[in-house]
Amino acid sequence: MSPPGNSKYKESGTARLLGAGTSGILELFTFHPVDTVAKRLMSNTERIHGPGQTTAQSLSKLNQVIFRDAAAKATISKYLSLFPGLGYAAGYKVAQRMYKFGGQPVARDFLEHHYGQSFTRAFGDRNGKAMLHATAGSLIGIGEVALLPLDVLKIKRQTNPEA
């Protein structure tokens, strides 16, 4: 959170980048296993539960789809098997968060310094500020496209590690 407007302290670029990087790492360790399970279930072509199958058979097949080679291993090995493509994911997610959350305030400050009066004249005091923030976010979003190949590599490792 940035300091209040009347504060004598200015936002630090280092704090922005460290906070954004930390959020990327926390998001990665929280949601990467969930994302892997979702990708594996979506890419599964076989039926998990069918007519004539017992619940135990269906759960065994689900276990095989989710954990693949680690299905028969210990619980910790199963959990660790949900982190394929972690390197690509870390590169993508941490870079994305640092770029987005660290870069948008810089873009906003730049726009405010150079074009703030133009936004205020064109959209009014309140709406001008909102449009300035939206423009900064849009400019950063356009640049985020450069990071998408890392996400594609992460998905390939999650669904087909042999490729």
# chains A, B, ... in the order shown; residues from 1 in each chain; ligands from 1

$ residues_around --residues "segment 125-129 of chain A" --least-positions-apart "4" --cutoff "12 Å" --atoms "only C-alpha atoms" --output "NGL selection string"
:A and (108-109 or 111-112 or 115-121 or 133-136)

$ residues_around --residues "Lys100 of chain A" --least-positions-apart "3" --cutoff "9 Å" --atoms "only C-alpha atoms" --output "PDB file with N, CA and C atoms, in the first residue's frame"
ATOM      1  N   ALA A  20       6.167  -6.688  -5.177  1.00  0.00           N
ATOM      2  CA  ALA A  20       5.582  -7.353  -6.333  1.00  0.00           C
ATOM      3  C   ALA A  20       6.199  -8.734  -6.533  1.00  0.00           C
ATOM      4  N   ALA A  95       8.147 -12.277 -12.853  1.00  0.00           N
ATOM      5  CA  ALA A  95       8.406 -11.168 -13.788  1.00  0.00           C
ATOM      6  C   ALA A  95       7.120 -10.393 -14.083  1.00  0.00           C
ATOM      7  N   GLN A  96       6.018 -11.126 -14.243  1.00  0.00           N
ATOM      8  CA  GLN A  96       4.735 -10.461 -14.516  1.00  0.00           C
ATOM      9  C   GLN A  96       4.328  -9.550 -13.363  1.00  0.00           C
ATOM     10  N   ARG A  97       4.415 -10.063 -12.144  1.00  0.00           N
ATOM     11  CA  ARG A  97       4.016  -9.263 -10.981  1.00  0.00           C
ATOM     12  C   ARG A  97       4.933  -8.059 -10.796  1.00  0.00           C
ATOM     13  N   GLY A 103       5.769  -1.647 -12.313  1.00  0.00           N
ATOM     14  CA  GLY A 103       5.815  -0.748 -13.463  1.00  0.00           C
ATOM     15  C   GLY A 103       4.645   0.202 -13.586  1.00  0.00           C
ATOM     16  N   GLN A 104       3.465  -0.233 -13.168  1.00  0.00           N
ATOM     17  CA  GLN A 104       2.294   0.636 -13.331  1.00  0.00           C
ATOM     18  C   GLN A 104       2.420   1.942 -12.549  1.00  0.00           C
ATOM     19  N   PRO A 105       2.904   1.935 -11.313  1.00  0.00           N
ATOM     20  CA  PRO A 105       3.078   3.226 -10.628  1.00  0.00           C
ATOM     21  C   PRO A 105       4.083   4.143 -11.343  1.00  0.00           C
ATOM     22  N   GLY A 137      -2.393   1.517 -16.656  1.00  0.00           N
ATOM     23  CA  GLY A 137      -2.637   0.075 -16.595  1.00  0.00           C
ATOM     24  C   GLY A 137      -2.695  -0.558 -17.974  1.00  0.00           C
ATOM     25  N   ILE A 140       0.842  -0.839 -19.444  1.00  0.00           N
ATOM     26  CA  ILE A 140       1.568  -1.940 -18.815  1.00  0.00           C
ATOM     27  C   ILE A 140       1.014  -3.276 -19.315  1.00  0.00           C
ATOM     28  N   GLY A 141      -0.287  -3.382 -19.466  1.00  0.00           N
ATOM     29  CA  GLY A 141      -0.912  -4.612 -19.964  1.00  0.00           C
ATOM     30  C   GLY A 141      -0.450  -4.976 -21.360  1.00  0.00           C
ATOM     31  N   GLU A 144       2.848  -6.658 -21.136  1.00  0.00           N
ATOM     32  CA  GLU A 144       2.801  -7.978 -20.503  1.00  0.00           C
ATOM     33  C   GLU A 144       2.757  -9.108 -21.519  1.00  0.00           C
TER      34      GLU A 144
END

$ select_by_dssp --residues "chain A" --states "alpha helix (DSSP H)" --output "ChimeraX atom specification"
/A:13-43,55-67,75-80,86-123,125-144,148-159

$ atom_distance --atom1 "atom CA of Thr54 of chain A" --atom2 "atom CA of Pro33 of chain A"
27.2 Å

$ closest_residue --among "A:His32, A:Lys154, A:Arg40, A:His113" --to "Phe67 of chain A" --atoms "only C-alpha atoms"
A:Arg40

$ atom_distance --atom1 "atom CA of Gly21 of chain A" --atom2 "atom CA of Val94 of chain A"
5.3 Å

$ atom_distance --atom1 "atom CA of Lys39 of chain A" --atom2 "atom CA of Thr159 of chain A"
6.3 Å

$ closest_residue --among "A:Tyr92, A:Glu162, A:Met42, A:Leu59" --to "Ile25 of chain A" --atoms "only C-alpha atoms"
A:Tyr92

$ residues_around --residues "Leu153 of chain A" --least-positions-apart "4" --cutoff "7 Å" --atoms "only C-alpha atoms" --output "number ranges by chain"
A: 88, 149, 157

$ residues_around --residues "Asn63 of chain A" --least-positions-apart "2" --cutoff "12 Å" --atoms "only C-alpha atoms" --output "ChimeraX atom specification"
/A:37,40-41,48-49,56-61,65-73,75,78-79,81

$ decode --residues "segment 37-48 of chain A" --atoms "all heavy atoms" --output "short mmCIF file (atom, residue, chain, number, x, y, z; two decimals), in the first residue's frame"
data_model
loop_
_atom_site.label_atom_id
_atom_site.label_comp_id
_atom_site.auth_asym_id
_atom_site.auth_seq_id
_atom_site.Cartn_x
_atom_site.Cartn_y
_atom_site.Cartn_z
N VAL A 37 -3.25 -29.37 -11.41
CA VAL A 37 -4.36 -30.32 -11.35
C VAL A 37 -5.41 -29.95 -12.40
O VAL A 37 -5.89 -30.82 -13.14
CB VAL A 37 -4.98 -30.36 -9.93
CG1 VAL A 37 -6.29 -31.13 -9.93
CG2 VAL A 37 -4.01 -30.96 -8.94
N ALA A 38 -5.74 -28.69 -12.49
CA ALA A 38 -6.75 -28.25 -13.48
C ALA A 38 -6.29 -28.55 -14.90
O ALA A 38 -7.06 -29.06 -15.71
CB ALA A 38 -7.02 -26.76 -13.31
N LYS A 39 -5.03 -28.26 -15.21
CA LYS A 39 -4.51 -28.51 -16.56
C LYS A 39 -4.50 -30.00 -16.88
O LYS A 39 -4.82 -30.42 -17.98
CB LYS A 39 -3.08 -27.96 -16.70
CG LYS A 39 -2.95 -26.47 -16.53
CD LYS A 39 -3.41 -25.72 -17.74
CE LYS A 39 -3.09 -24.25 -17.70
NZ LYS A 39 -3.73 -23.45 -16.72
N ARG A 40 -4.12 -30.82 -15.90
CA ARG A 40 -4.10 -32.27 -16.13
C ARG A 40 -5.50 -32.83 -16.32
O ARG A 40 -5.71 -33.72 -17.15
CB ARG A 40 -3.38 -32.97 -14.98
CG ARG A 40 -1.89 -32.72 -15.01
CD ARG A 40 -1.17 -33.39 -13.89
NE ARG A 40 0.26 -33.17 -13.99
CZ ARG A 40 1.13 -33.58 -13.09
NH1 ARG A 40 0.73 -34.23 -12.01
NH2 ARG A 40 2.42 -33.33 -13.26
N LEU A 41 -6.45 -32.33 -15.57
CA LEU A 41 -7.83 -32.79 -15.74
C LEU A 41 -8.39 -32.35 -17.10
O LEU A 41 -9.09 -33.11 -17.77
CB LEU A 41 -8.72 -32.29 -14.61
CG LEU A 41 -8.48 -32.95 -13.25
CD1 LEU A 41 -9.28 -32.23 -12.16
CD2 LEU A 41 -8.83 -34.43 -13.28
N MET A 42 -8.06 -31.13 -17.52
CA MET A 42 -8.56 -30.64 -18.81
C MET A 42 -7.92 -31.38 -19.98
O MET A 42 -8.57 -31.57 -21.01
CB MET A 42 -8.30 -29.14 -18.95
CG MET A 42 -9.22 -28.29 -18.11
SD MET A 42 -9.06 -26.53 -18.45
CE MET A 42 -7.51 -26.14 -17.67
N SER A 43 -6.67 -31.78 -19.83
CA SER A 43 -5.99 -32.44 -20.95
C SER A 43 -6.23 -33.95 -20.96
O SER A 43 -5.82 -34.63 -21.90
CB SER A 43 -4.50 -32.14 -20.91
OG SER A 43 -3.90 -32.76 -19.80
N ASN A 44 -6.88 -34.48 -19.94
CA ASN A 44 -7.17 -35.91 -19.89
C ASN A 44 -8.20 -36.27 -20.95
O ASN A 44 -9.23 -35.63 -21.08
CB ASN A 44 -7.69 -36.28 -18.49
CG ASN A 44 -8.02 -37.74 -18.38
OD1 ASN A 44 -7.26 -38.58 -18.82
ND2 ASN A 44 -9.17 -38.04 -17.79
N THR A 45 -7.91 -37.32 -21.72
CA THR A 45 -8.84 -37.73 -22.78
C THR A 45 -9.64 -38.96 -22.41
O THR A 45 -10.61 -39.28 -23.09
CB THR A 45 -8.06 -38.01 -24.09
OG1 THR A 45 -7.07 -39.00 -23.83
CG2 THR A 45 -7.40 -36.74 -24.61
N GLU A 46 -9.25 -39.66 -21.36
CA GLU A 46 -9.97 -40.86 -20.95
C GLU A 46 -11.04 -40.52 -19.92
O GLU A 46 -10.91 -39.57 -19.17
CB GLU A 46 -8.99 -41.87 -20.34
CG GLU A 46 -7.94 -42.35 -21.31
CD GLU A 46 -6.93 -43.24 -20.63
OE1 GLU A 46 -7.20 -43.72 -19.51
OE2 GLU A 46 -5.86 -43.45 -21.22
N ARG A 47 -12.06 -41.34 -19.90
CA ARG A 47 -13.13 -41.15 -18.93
C ARG A 47 -12.65 -41.62 -17.55
O ARG A 47 -12.09 -42.70 -17.42
CB ARG A 47 -14.33 -41.95 -19.39
CG ARG A 47 -15.57 -41.61 -18.67
CD ARG A 47 -16.75 -42.28 -19.32
NE ARG A 47 -17.91 -41.85 -18.60
CZ ARG A 47 -19.11 -41.86 -19.09
NH1 ARG A 47 -19.31 -42.29 -20.31
NH2 ARG A 47 -20.12 -41.46 -18.37
N ILE A 48 -12.90 -40.83 -16.55
CA ILE A 48 -12.45 -41.18 -15.20
C ILE A 48 -13.47 -42.07 -14.51
O ILE A 48 -13.11 -43.05 -13.86
CB ILE A 48 -12.19 -39.90 -14.36
CG1 ILE A 48 -10.97 -39.18 -14.94
CG2 ILE A 48 -11.96 -40.24 -12.90
CD1 ILE A 48 -10.67 -37.86 -14.31
#
